[in-house]
>>> print(open('entry31.pdb').read())   # PDB, C-alpha atoms
MODEL        1
ATOM      1  CA  MET A 202      25.793  22.344   7.764
ATOM      2  CA  LEU A 203      26.964  18.758   8.278
ATOM      3  CA  SER A 204      24.431  18.188  11.042
ATOM      4  CA  ALA A 205      21.670  19.500   8.792
ATOM      5  CA  ILE A 206      22.693  17.054   6.059
ATOM      6  CA  ALA A 207      22.890  14.238   8.614
ATOM      7  CA  GLY A 208      19.457  15.180   9.941
ATOM      8  CA  PHE A 209      18.040  15.241   6.414
ATOM      9  CA  GLY A 210      19.546  11.802   5.778
ATOM     10  CA  ARG A 211      18.171  10.444   9.077
ATOM     11  CA  PHE A 212      14.689  11.710   8.235
ATOM     12  CA  TRP A 213      14.645   9.931   4.879
ATOM     13  CA  TYR A 214      16.159   6.768   6.347
ATOM     14  CA  ARG A 215      13.511   6.621   9.089
ATOM     15  CA  PHE A 216      10.809   7.607   6.606
ATOM     16  CA  ILE A 217      11.577   4.963   3.995
ATOM     17  CA  VAL A 218      13.401   2.187   5.828
ATOM     18  CA  GLY A 219      11.697   2.388   9.223
ATOM     19  CA  ASP A 220      12.707   0.223  12.162
ATOM     20  CA  ASP A 221      13.728  -2.928  10.262
ATOM     21  CA  TRP A 222      16.225  -2.309   7.484
ATOM     22  CA  THR A 223      16.119  -5.947   6.362
ATOM     23  CA  ILE A 224      12.608  -5.410   4.945
ATOM     24  CA  ALA A 225      13.745  -2.606   2.603
ATOM     25  CA  VAL A 226      16.899  -4.501   1.599
ATOM     26  CA  THR A 227      14.915  -7.679   0.899
ATOM     27  CA  VAL A 228      12.412  -5.787  -1.258
ATOM     28  CA  VAL A 229      15.218  -4.099  -3.241
ATOM     29  CA  VAL A 230      17.066  -7.409  -3.759
ATOM     30  CA  ALA A 231      13.869  -9.278  -4.712
ATOM     31  CA  VAL A 232      12.826  -6.636  -7.250
ATOM     32  CA  ALA A 233      16.367  -6.450  -8.681
ATOM     33  CA  LEU A 234      16.561 -10.238  -9.009
ATOM     34  CA  SER A 235      13.126 -10.289 -10.638
ATOM     35  CA  TYR A 236      14.320  -7.692 -13.144
ATOM     36  CA  VAL A 237      17.419  -9.772 -13.960
ATOM     37  CA  LEU A 238      15.281 -12.898 -14.443
ATOM     38  CA  LEU A 239      12.811 -10.994 -16.627
ATOM     39  CA  ARG A 240      15.648  -9.665 -18.801
ATOM     40  CA  ALA A 241      16.827 -13.269 -19.180
ATOM     41  CA  GLY A 242      13.367 -14.243 -20.379
ATOM     42  CA  VAL A 243      12.387 -16.105 -17.212
ATOM     43  CA  PRO A 244       8.919 -15.393 -15.715
ATOM     44  CA  ALA A 245       9.676 -13.862 -12.320
ATOM     45  CA  TRP A 246       6.329 -12.604 -10.986
ATOM     46  CA  TRP A 247       6.490 -15.195  -8.151
ATOM     47  CA  LEU A 248       9.802 -13.989  -6.697
ATOM     48  CA  VAL A 249       8.607 -10.827  -4.909
ATOM     49  CA  PRO A 250       5.643 -12.586  -3.174
ATOM     50  CA  VAL A 251       7.976 -15.354  -1.999
ATOM     51  CA  ALA A 252      10.447 -12.760  -0.668
ATOM     52  CA  VAL A 253       7.612 -10.851   1.026
ATOM     53  CA  ILE A 254       6.369 -13.975   2.810
ATOM     54  CA  ALA A 255       9.899 -14.932   3.898
ATOM     55  CA  ILE A 256      10.948 -11.500   5.192
ATOM     56  CA  LEU A 257       7.642 -11.051   7.031
ATOM     57  CA  GLY A 258       8.286 -14.265   8.973
ATOM     58  CA  ILE A 259      11.914 -13.339   9.640
ATOM     59  CA  SER A 260      11.005  -9.819  10.747
ATOM     60  CA  LEU A 261       8.281 -11.138  13.075
ATOM     61  CA  ARG A 262      10.713 -13.641  14.582
ATOM     62  CA  ARG A 263      13.340 -10.922  15.126
ATOM     63  CA  ALA A 264      10.805  -8.577  16.709
ATOM     64  CA  ARG A 265       9.692 -11.384  19.044
ATOM     65  CA  SER A 266      13.233 -12.201  20.127
ATOM     66  CA  THR A 267      14.151  -8.559  20.814
ATOM     67  CA  SER A 268      10.998  -7.682  22.770
TER      68      SER A 268
ATOM     69  CA  MET B  64     -25.210   5.245 -29.818
ATOM     70  CA  SER B  65     -24.249   1.686 -28.993
ATOM     71  CA  SER B  66     -20.541   2.496 -29.439
ATOM     72  CA  LEU B  67     -20.938   5.514 -27.138
ATOM     73  CA  PHE B  68     -22.545   3.313 -24.497
ATOM     74  CA  ALA B  69     -19.875   0.640 -24.926
ATOM     75  CA  VAL B  70     -17.024   3.160 -24.593
ATOM     76  CA  ALA B  71     -18.626   4.847 -21.579
ATOM     77  CA  LEU B  72     -19.355   1.549 -19.815
ATOM     78  CA  THR B  73     -15.908   0.075 -20.531
ATOM     79  CA  THR B  74     -14.175   3.260 -19.389
ATOM     80  CA  PHE B  75     -16.344   3.435 -16.260
ATOM     81  CA  LEU B  76     -15.654  -0.174 -15.237
ATOM     82  CA  ALA B  77     -11.923  -0.040 -15.981
ATOM     83  CA  SER B  78     -11.614   3.293 -14.154
ATOM     84  CA  ALA B  79     -13.651   1.951 -11.228
ATOM     85  CA  VAL B  80     -11.067  -0.808 -10.694
ATOM     86  CA  GLU B  81      -8.295   1.810 -10.438
ATOM     87  CA  ALA B  82     -10.515   4.035  -8.269
ATOM     88  CA  ILE B  83     -11.129   1.150  -5.833
ATOM     89  CA  GLU B  84      -7.356   0.810  -5.373
ATOM     90  CA  MET B  85      -7.095   4.576  -4.842
ATOM     91  CA  VAL B  86      -9.928   4.698  -2.294
ATOM     92  CA  ALA B  87      -8.631   1.594  -0.462
ATOM     93  CA  ILE B  88      -5.266   3.268   0.099
ATOM     94  CA  VAL B  89      -6.699   6.645   1.146
ATOM     95  CA  ALA B  90      -9.353   5.096   3.413
ATOM     96  CA  GLY B  91      -6.834   2.739   5.007
ATOM     97  CA  VAL B  92      -4.233   5.436   5.621
ATOM     98  CA  GLY B  93      -6.863   7.858   6.906
ATOM     99  CA  ALA B  94      -8.333   5.326   9.315
ATOM    100  CA  THR B  95      -4.997   4.216  10.747
ATOM    101  CA  ARG B  96      -2.843   7.360  10.614
ATOM    102  CA  GLY B  97      -5.390  10.188  10.695
ATOM    103  CA  TRP B  98      -7.436  12.017   8.110
ATOM    104  CA  ARG B  99      -5.548  15.322   8.044
ATOM    105  CA  ALA B 100      -2.444  13.873   6.351
ATOM    106  CA  ALA B 101      -4.513  11.465   4.228
ATOM    107  CA  LEU B 102      -6.786  14.193   2.851
ATOM    108  CA  ALA B 103      -3.863  16.591   2.352
ATOM    109  CA  GLY B 104      -2.014  13.892   0.389
ATOM    110  CA  THR B 105      -5.157  13.135  -1.601
ATOM    111  CA  ALA B 106      -5.729  16.802  -2.429
ATOM    112  CA  ALA B 107      -2.082  17.240  -3.437
ATOM    113  CA  GLY B 108      -2.271  14.103  -5.580
ATOM    114  CA  PHE B 109      -5.372  15.351  -7.407
ATOM    115  CA  ALA B 110      -3.812  18.812  -7.844
ATOM    116  CA  VAL B 111      -0.646  17.396  -9.451
ATOM    117  CA  LEU B 112      -2.801  15.032 -11.518
ATOM    118  CA  ALA B 113      -4.895  17.959 -12.799
ATOM    119  CA  VAL B 114      -1.739  19.836 -13.810
ATOM    120  CA  VAL B 115      -0.278  16.760 -15.543
ATOM    121  CA  VAL B 116      -3.537  16.111 -17.425
ATOM    122  CA  ALA B 117      -3.841  19.796 -18.401
ATOM    123  CA  VAL B 118      -0.227  19.963 -19.627
ATOM    124  CA  PHE B 119      -0.032  16.645 -21.449
ATOM    125  CA  GLY B 120      -3.615  16.165 -22.604
ATOM    126  CA  LEU B 121      -3.778  13.441 -25.230
ATOM    127  CA  ALA B 122       0.008  12.965 -25.009
ATOM    128  CA  LEU B 123      -0.490  11.453 -21.537
ATOM    129  CA  THR B 124       0.311   7.976 -22.789
ATOM    130  CA  ALA B 125       3.861   9.170 -23.518
ATOM    131  CA  ILE B 126       4.537   9.393 -19.753
ATOM    132  CA  PRO B 127       6.547   6.324 -18.671
ATOM    133  CA  ILE B 128       4.262   4.667 -16.108
ATOM    134  CA  GLY B 129       6.723   1.833 -15.371
ATOM    135  CA  PRO B 130       9.230   3.798 -13.235
ATOM    136  CA  LEU B 131       6.342   5.439 -11.339
ATOM    137  CA  ARG B 132       4.809   2.020 -10.585
ATOM    138  CA  LEU B 133       8.207   0.731  -9.442
ATOM    139  CA  VAL B 134       8.807   3.618  -7.010
ATOM    140  CA  VAL B 135       5.249   3.548  -5.650
ATOM    141  CA  GLY B 136       5.321  -0.256  -5.430
ATOM    142  CA  PHE B 137       8.607  -0.235  -3.509
ATOM    143  CA  LEU B 138       7.361   2.343  -1.004
ATOM    144  CA  LEU B 139       4.002   0.596  -0.520
ATOM    145  CA  LEU B 140       5.766  -2.748  -0.023
ATOM    146  CA  VAL B 141       8.151  -1.405   2.623
ATOM    147  CA  PHE B 142       5.432   0.567   4.462
ATOM    148  CA  GLY B 143       2.920  -2.263   4.061
ATOM    149  CA  LEU B 144       5.241  -4.951   5.418
ATOM    150  CA  THR B 145       6.108  -2.782   8.422
ATOM    151  CA  TRP B 146       2.413  -2.190   9.173
ATOM    152  CA  LEU B 147       1.561  -5.828   8.566
ATOM    153  CA  ARG B 148       4.221  -6.990  11.050
ATOM    154  CA  LYS B 149       2.984  -4.534  13.691
ATOM    155  CA  GLY B 150      -0.634  -5.443  13.010
ATOM    156  CA  ILE B 151       0.056  -9.169  13.391
ATOM    157  CA  ARG B 152       1.928  -8.611  16.679
ATOM    158  CA  ARG B 153      -0.803  -6.371  18.086
ATOM    159  CA  VAL B 154      -3.669  -8.644  17.115
ATOM    160  CA  ALA B 155      -1.709 -11.599  18.526
ATOM    161  CA  ALA B 156      -1.292  -9.710  21.806
ATOM    162  CA  ASN B 157      -4.750  -8.099  22.073
ATOM    163  CA  GLY B 158      -6.988 -10.299  19.983
ATOM    164  CA  LEU B 159      -9.730  -8.704  17.925
ATOM    165  CA  ARG B 160     -10.661  -6.353  20.719
ATOM    166  CA  GLY B 161      -8.811  -3.111  21.400
ATOM    167  CA  SER B 162      -9.399   0.543  20.939
ATOM    168  CA  THR B 163     -11.429   1.710  17.975
ATOM    169  CA  MET B 164     -10.750   4.839  15.986
ATOM    170  CA  HIS B 165     -12.961   6.742  18.442
ATOM    171  CA  GLY B 166     -10.466   5.981  21.194
ATOM    172  CA  PRO B 167      -7.980   8.586  22.413
ATOM    173  CA  ASP B 168      -4.830   6.617  21.584
ATOM    174  CA  THR B 169      -2.926   7.041  18.344
ATOM    175  CA  ASP B 170      -0.340   4.891  16.655
ATOM    176  CA  GLU B 171       3.089   5.649  18.115
ATOM    177  CA  ASP B 172       4.437   6.011  14.567
ATOM    178  CA  VAL B 173       2.124   8.934  13.870
ATOM    179  CA  PRO B 174       3.749  12.213  14.948
ATOM    180  CA  ARG B 175       1.474  14.332  17.123
ATOM    181  CA  ASP B 176       3.330  17.652  16.939
ATOM    182  CA  ARG B 177       4.300  17.734  13.249
ATOM    183  CA  PRO B 178       2.879  16.724   9.871
ATOM    184  CA  ASP B 179       2.573  12.991   9.203
ATOM    185  CA  TRP B 180       4.590  12.778   5.987
ATOM    186  CA  THR B 181       4.176   9.001   5.742
ATOM    187  CA  GLY B 182       0.391   9.283   5.541
ATOM    188  CA  PHE B 183       0.672  12.261   3.192
ATOM    189  CA  VAL B 184       3.080  10.583   0.758
ATOM    190  CA  LEU B 185       1.198   7.269   0.727
ATOM    191  CA  CYS B 186      -2.053   8.991  -0.267
ATOM    192  CA  PHE B 187      -0.328  11.406  -2.636
ATOM    193  CA  LYS B 188       1.389   8.639  -4.577
ATOM    194  CA  GLY B 189      -1.665   6.374  -4.485
ATOM    195  CA  VAL B 190      -3.938   9.086  -5.883
ATOM    196  CA  LEU B 191      -1.391  10.272  -8.460
ATOM    197  CA  LEU B 192      -0.599   6.779  -9.763
ATOM    198  CA  GLU B 193      -4.181   5.533  -9.863
ATOM    199  CA  GLY B 194      -5.422   8.867 -11.186
ATOM    200  CA  LEU B 195      -2.864   8.678 -13.999
ATOM    201  CA  GLU B 196      -4.028   5.162 -14.796
ATOM    202  CA  VAL B 197      -7.642   6.402 -14.982
ATOM    203  CA  ALA B 198      -6.448   9.194 -17.280
ATOM    204  CA  PHE B 199      -4.625   6.639 -19.460
ATOM    205  CA  ILE B 200      -7.791   4.551 -19.663
ATOM    206  CA  VAL B 201      -9.827   7.598 -20.668
ATOM    207  CA  VAL B 202      -7.310   8.657 -23.313
ATOM    208  CA  THR B 203      -6.928   5.099 -24.627
ATOM    209  CA  PHE B 204     -10.632   4.215 -24.874
ATOM    210  CA  GLY B 205     -11.812   7.740 -25.695
ATOM    211  CA  GLY B 206      -9.004   8.591 -28.099
ATOM    212  CA  THR B 207      -9.182   5.418 -30.160
ATOM    213  CA  SER B 208     -12.969   5.688 -30.560
ATOM    214  CA  SER B 209     -13.028   9.486 -31.023
ATOM    215  CA  LEU B 210     -15.334   9.675 -28.010
ATOM    216  CA  LEU B 211     -12.993  11.437 -25.597
ATOM    217  CA  GLY B 212     -15.725  13.512 -23.948
ATOM    218  CA  PRO B 213     -17.974  10.599 -22.910
ATOM    219  CA  ALA B 214     -14.913   8.586 -21.875
ATOM    220  CA  ALA B 215     -13.691  11.460 -19.679
ATOM    221  CA  VAL B 216     -17.144  11.781 -18.060
ATOM    222  CA  ALA B 217     -17.215   8.010 -17.425
ATOM    223  CA  GLY B 218     -13.709   8.052 -15.899
ATOM    224  CA  VAL B 219     -14.492  10.958 -13.567
ATOM    225  CA  ALA B 220     -17.852   9.379 -12.676
ATOM    226  CA  ALA B 221     -16.108   6.149 -11.681
ATOM    227  CA  VAL B 222     -13.753   8.006  -9.313
ATOM    228  CA  VAL B 223     -16.657  10.018  -7.838
ATOM    229  CA  VAL B 224     -18.923   6.958  -7.346
ATOM    230  CA  VAL B 225     -16.211   4.783  -5.796
ATOM    231  CA  GLY B 226     -15.040   7.715  -3.646
ATOM    232  CA  ALA B 227     -18.612   8.290  -2.415
ATOM    233  CA  LEU B 228     -18.921   4.594  -1.553
ATOM    234  CA  GLY B 229     -15.655   4.869   0.381
ATOM    235  CA  VAL B 230     -17.034   7.823   2.360
ATOM    236  CA  ALA B 231     -20.325   5.978   2.965
ATOM    237  CA  ILE B 232     -18.640   2.960   4.583
ATOM    238  CA  GLN B 233     -16.377   5.062   6.836
ATOM    239  CA  PRO B 234     -18.695   4.858   9.897
ATOM    240  CA  ALA B 235     -18.427   1.065   9.751
ATOM    241  CA  VAL B 236     -14.652   1.229   9.265
ATOM    242  CA  ARG B 237     -14.264   3.489  12.314
ATOM    243  CA  ARG B 238     -15.770   0.802  14.565
ATOM    244  CA  ILE B 239     -12.985  -1.672  13.697
ATOM    245  CA  PRO B 240     -10.218  -1.937  16.323
ATOM    246  CA  ARG B 241      -7.047  -0.076  15.360
ATOM    247  CA  SER B 242      -4.791  -3.137  15.511
ATOM    248  CA  VAL B 243      -7.076  -5.029  13.105
ATOM    249  CA  LEU B 244      -7.220  -2.021  10.786
ATOM    250  CA  GLN B 245      -3.445  -1.789  10.819
ATOM    251  CA  LEU B 246      -3.245  -5.446   9.831
ATOM    252  CA  VAL B 247      -5.814  -5.026   7.048
ATOM    253  CA  VAL B 248      -4.200  -1.860   5.668
ATOM    254  CA  GLY B 249      -0.794  -3.567   5.853
ATOM    255  CA  LEU B 250      -2.257  -6.402   3.783
ATOM    256  CA  LEU B 251      -3.666  -3.976   1.195
ATOM    257  CA  LEU B 252      -0.468  -1.931   0.888
ATOM    258  CA  THR B 253       1.673  -5.069   0.637
ATOM    259  CA  THR B 254      -0.637  -6.482  -2.031
ATOM    260  CA  PHE B 255      -0.692  -3.339  -4.187
ATOM    261  CA  GLY B 256       3.026  -2.791  -3.568
ATOM    262  CA  THR B 257       3.872  -6.292  -4.799
ATOM    263  CA  PHE B 258       1.655  -5.892  -7.856
ATOM    264  CA  TRP B 259       3.022  -2.497  -8.895
ATOM    265  CA  ALA B 260       6.673  -3.270  -8.137
ATOM    266  CA  VAL B 261       6.591  -6.281 -10.487
ATOM    267  CA  GLU B 262       4.643  -4.359 -13.146
ATOM    268  CA  GLY B 263       7.110  -1.480 -12.762
ATOM    269  CA  ILE B 264      10.029  -3.648 -13.901
ATOM    270  CA  GLY B 265       8.037  -4.922 -16.866
ATOM    271  CA  GLY B 266       6.758  -8.137 -15.301
ATOM    272  CA  GLU B 267       3.397  -9.531 -16.259
ATOM    273  CA  TRP B 268       1.045 -11.127 -13.743
ATOM    274  CA  PRO B 269      -0.839 -14.257 -14.735
ATOM    275  CA  GLY B 270      -4.451 -13.125 -14.874
ATOM    276  CA  GLY B 271      -3.614  -9.420 -15.047
ATOM    277  CA  ASP B 272      -5.421  -7.252 -12.465
ATOM    278  CA  ALA B 273      -7.189 -10.348 -11.086
ATOM    279  CA  SER B 274      -3.885 -11.385  -9.529
ATOM    280  CA  ILE B 275      -4.361  -8.527  -7.024
ATOM    281  CA  VAL B 276      -7.161 -10.583  -5.451
ATOM    282  CA  ALA B 277      -5.004 -13.724  -5.535
ATOM    283  CA  LEU B 278      -2.144 -11.867  -3.840
ATOM    284  CA  LEU B 279      -4.512 -10.515  -1.190
ATOM    285  CA  VAL B 280      -5.850 -14.010  -0.464
ATOM    286  CA  LEU B 281      -2.296 -15.435  -0.315
ATOM    287  CA  TYR B 282      -1.011 -12.727   2.041
ATOM    288  CA  THR B 283      -4.130 -13.016   4.213
ATOM    289  CA  ALA B 284      -3.602 -16.778   4.592
ATOM    290  CA  VAL B 285       0.102 -16.328   5.364
ATOM    291  CA  SER B 286      -0.659 -13.572   7.878
ATOM    292  CA  ALA B 287      -3.228 -15.818   9.586
ATOM    293  CA  ALA B 288      -0.564 -18.520   9.884
ATOM    294  CA  TYR B 289       1.996 -16.071  11.303
ATOM    295  CA  LEU B 290      -0.680 -14.775  13.692
ATOM    296  CA  THR B 291      -1.181 -18.305  15.018
ATOM    297  CA  VAL B 292       2.582 -18.684  15.498
ATOM    298  CA  GLU B 293       2.765 -15.321  17.328
ATOM    299  CA  ARG B 294      -0.106 -16.269  19.631
ATOM    300  CA  GLY B 295       1.592 -19.573  20.403
ATOM    301  CA  ALA B 296       4.849 -17.793  21.182
ATOM    302  CA  LEU B 297       3.051 -15.351  23.489
ATOM    303  CA  ARG B 298       1.336 -18.191  25.383
ATOM    304  CA  ALA B 299       4.465 -20.360  25.636
ATOM    305  CA  PRO B 300       6.385 -18.332  28.276
ATOM    306  CA  ALA B 301       3.311 -18.077  30.500
ATOM    307  CA  SER B 302       2.530 -21.793  30.319
ATOM    308  CA  SER B 303       6.187 -22.798  30.851
ATOM    309  CA  GLU B 304       6.468 -20.840  34.147
ATOM    310  CA  PRO B 305       6.589 -23.154  37.177
ATOM    311  CA  ALA B 306       3.403 -23.240  39.226
ATOM    312  CA  ARG B 307       3.691 -21.414  42.544
ATOM    313  CA  SER B 308       2.112 -22.817  45.628
TER     314      SER B 308
ENDMDL
END
>>> encode(input="entry31.pdb", output="structure tokens")
Amino acid sequence: MLSAIAGFGRFWYRFIVGDDWTIAVTVVVAVALSYVLLRAGVPAWWLVPVAVIAILGISLRRARSTS
Amino acid sequence: MSSLFAVALTTFLASAVEAIEMVAIVAGVGATRGWRAALAGTAAGFAVLAVVVAVFGLALTAIPIGPLRLVVGFLLLVFGLTWLRKGIRRVAANGLRGSTMHGPDTDEDVPRDRPDWTGFVLCFKGVLLEGLEVAFIVVTFGGTSSLLGPAAVAGVAAVVVVGALGVAIQPAVRRIPRSVLQLVVGLLLTTFGTFWAVEGIGGEWPGGDASIVALLVLYTAVSAAYLTVERGALRAPASSEPARS
């Protein structure tokens, strides 16, 4: 039973997060921060693109150093 | 007569914009991950869409589109960034040559002995979200002008015409090397993912839907810069090796 639950969890982790968890975490944090800024009345449409550009460079650099 | 034409044309053009996004996702996923999962996801998306439209009818606009955009945007962003990173690394390593979709190799991420749920879900969500937006457009334009029938015909026609164009350009798409396609699809998914994620939390883009093009241009330029860096990094170890006599 436990192994089935663990397997189910692994499937969804691999399916959504993939091989670089920092990408998913960065997206979640960027969207959450954007939401907080929007609620405070601050235009925040620029935050997610900036986060995307930053994490893409970081992820590429990490992939290069580990290969 | 003129109001009928205006409603039909407006609905067709607005729906065509959503249909282009839908077809771009399905065509990109199909070309890079295989058509079986892409078409299955598309069919499932249309089936759920038909049920939702049949059940809700004119009350469609009561469905909260924000949370759906947020979930779809998040998934597209994560998948798109992963594909974009792999695409940049592969194009940096292989250049613009490489195997085309006629080649025997497949992406190592695509399972060969079981269903490709990533491809399925991407197309399913893309079709469902964009299809719902087309339905909203039809209900909004058609409902407010009491011309729901012509608006519905225009909305469906837009999806059919754009879908047919997508099918027509497939032979050309299949000649593009897989690594380049992966990069391009990664760019598209990241662009749509960014757009929808921000809209999903209630954010407004300067320029509305036109910002999709701006995002695509921005991400393309950034990817080209990263590609140059990757190529430089690949050449550096080779050029720094001492010459052997």
>>> resolve_selection(input="entry31.pdb", expression="the PyMOL selection byres ((chain A) within 8 of (chain B))", output="list of chain:residue names")
A:Phe216, A:Ile217, A:Val218, A:Gly219, A:Asp221, A:Ile224, A:Ala225, A:Val228, A:Val229, A:Val232, A:Ser235, A:Tyr236, A:Leu239, A:Pro244, A:Ala245, A:Trp246, A:Val249, A:Pro250, A:Val253, A:Ile254, A:Leu257, A:Gly258, A:Ser260, A:Leu261
>>> atom_distance(input="entry31.pdb", atom1="atom CA of B:Val173", atom2="atom CA of B:Arg96")
6.1 Å
>>> resolve_selection(input="entry31.pdb", expression="the PyMOL selection byres ((chain B and resi 216) around 12)", output="PyMOL selection string")
chain B and resi 67-68+70-72+74-75+78+197-198+200-202+205+210-215+217-224
>>> closest_residue(input="entry31.pdb", among="A:Leu248, A:Ile206, A:Ala255, A:Ala264", to="A:Ala233", atoms="only C-alpha atoms")
A:Leu248
>>> axis_aligned_box(input="entry31.pdb", around="stretch 219-234 of chain A", padding_each_side="8 Å", output="AutoDock Vina command-line options")
--center_x 14.4 --center_y -3.9 --center_z 1.6 --size_x 21.4 --size_y 28.6 --size_z 37.2
>>> atom_distance(input="entry31.pdb", atom1="atom CA of A:Trp247", atom2="atom CA of B:Ala277")
11.9 Å
>>> closest_residue(input="entry31.pdb", among="B:Phe187, B:Thr283, B:Asn157, B:Gln245", to="B:Leu102", atoms="all atoms listed in the file")
B:Phe187
>>> atom_distance(input="entry31.pdb", atom1="atom CA of B:Leu246", atom2="atom CA of B:Val154")
8.0 Å
>>> closest_residue(input="entry31.pdb", among="A:Met202, A:Arg263, A:Val251, A:Gly208", to="A:Asp220", atoms="all atoms listed in the file")
A:Arg263
>>> residues_around(input="entry31.pdb", residues="B:Gly158", least_positions_apart="3", cutoff="9 Å", atoms="all atoms listed in the file", output="list in words")
Arg153, Val154, Ala155, Gly161, Ser242 and Val243 of chain B
>>> closest_residue(input="entry31.pdb", among="B:Ala77, B:Ile275, B:Phe255, B:Ala100", to="B:Arg177", atoms="all atoms listed in the file")
B:Ala100
>>> closest_residue(input="entry31.pdb", among="B:Ala299, B:Ala94, B:Val86, B:Ala227", to="B:Ile239", atoms="only C-alpha atoms")
B:Ala94
>>> resolve_selection(input="entry31.pdb", expression="the PyMOL selection byres ((chain B and resi 103-112) around 8)", output="PyMOL selection string")
chain B and resi 89+99-102+113-116+182-191+194-195
>>> closest_residue(input="entry31.pdb", among="B:Pro174, B:Phe199, B:Val247, B:Ser274", to="B:Gly97", atoms="all atoms listed in the file")
B:Pro174
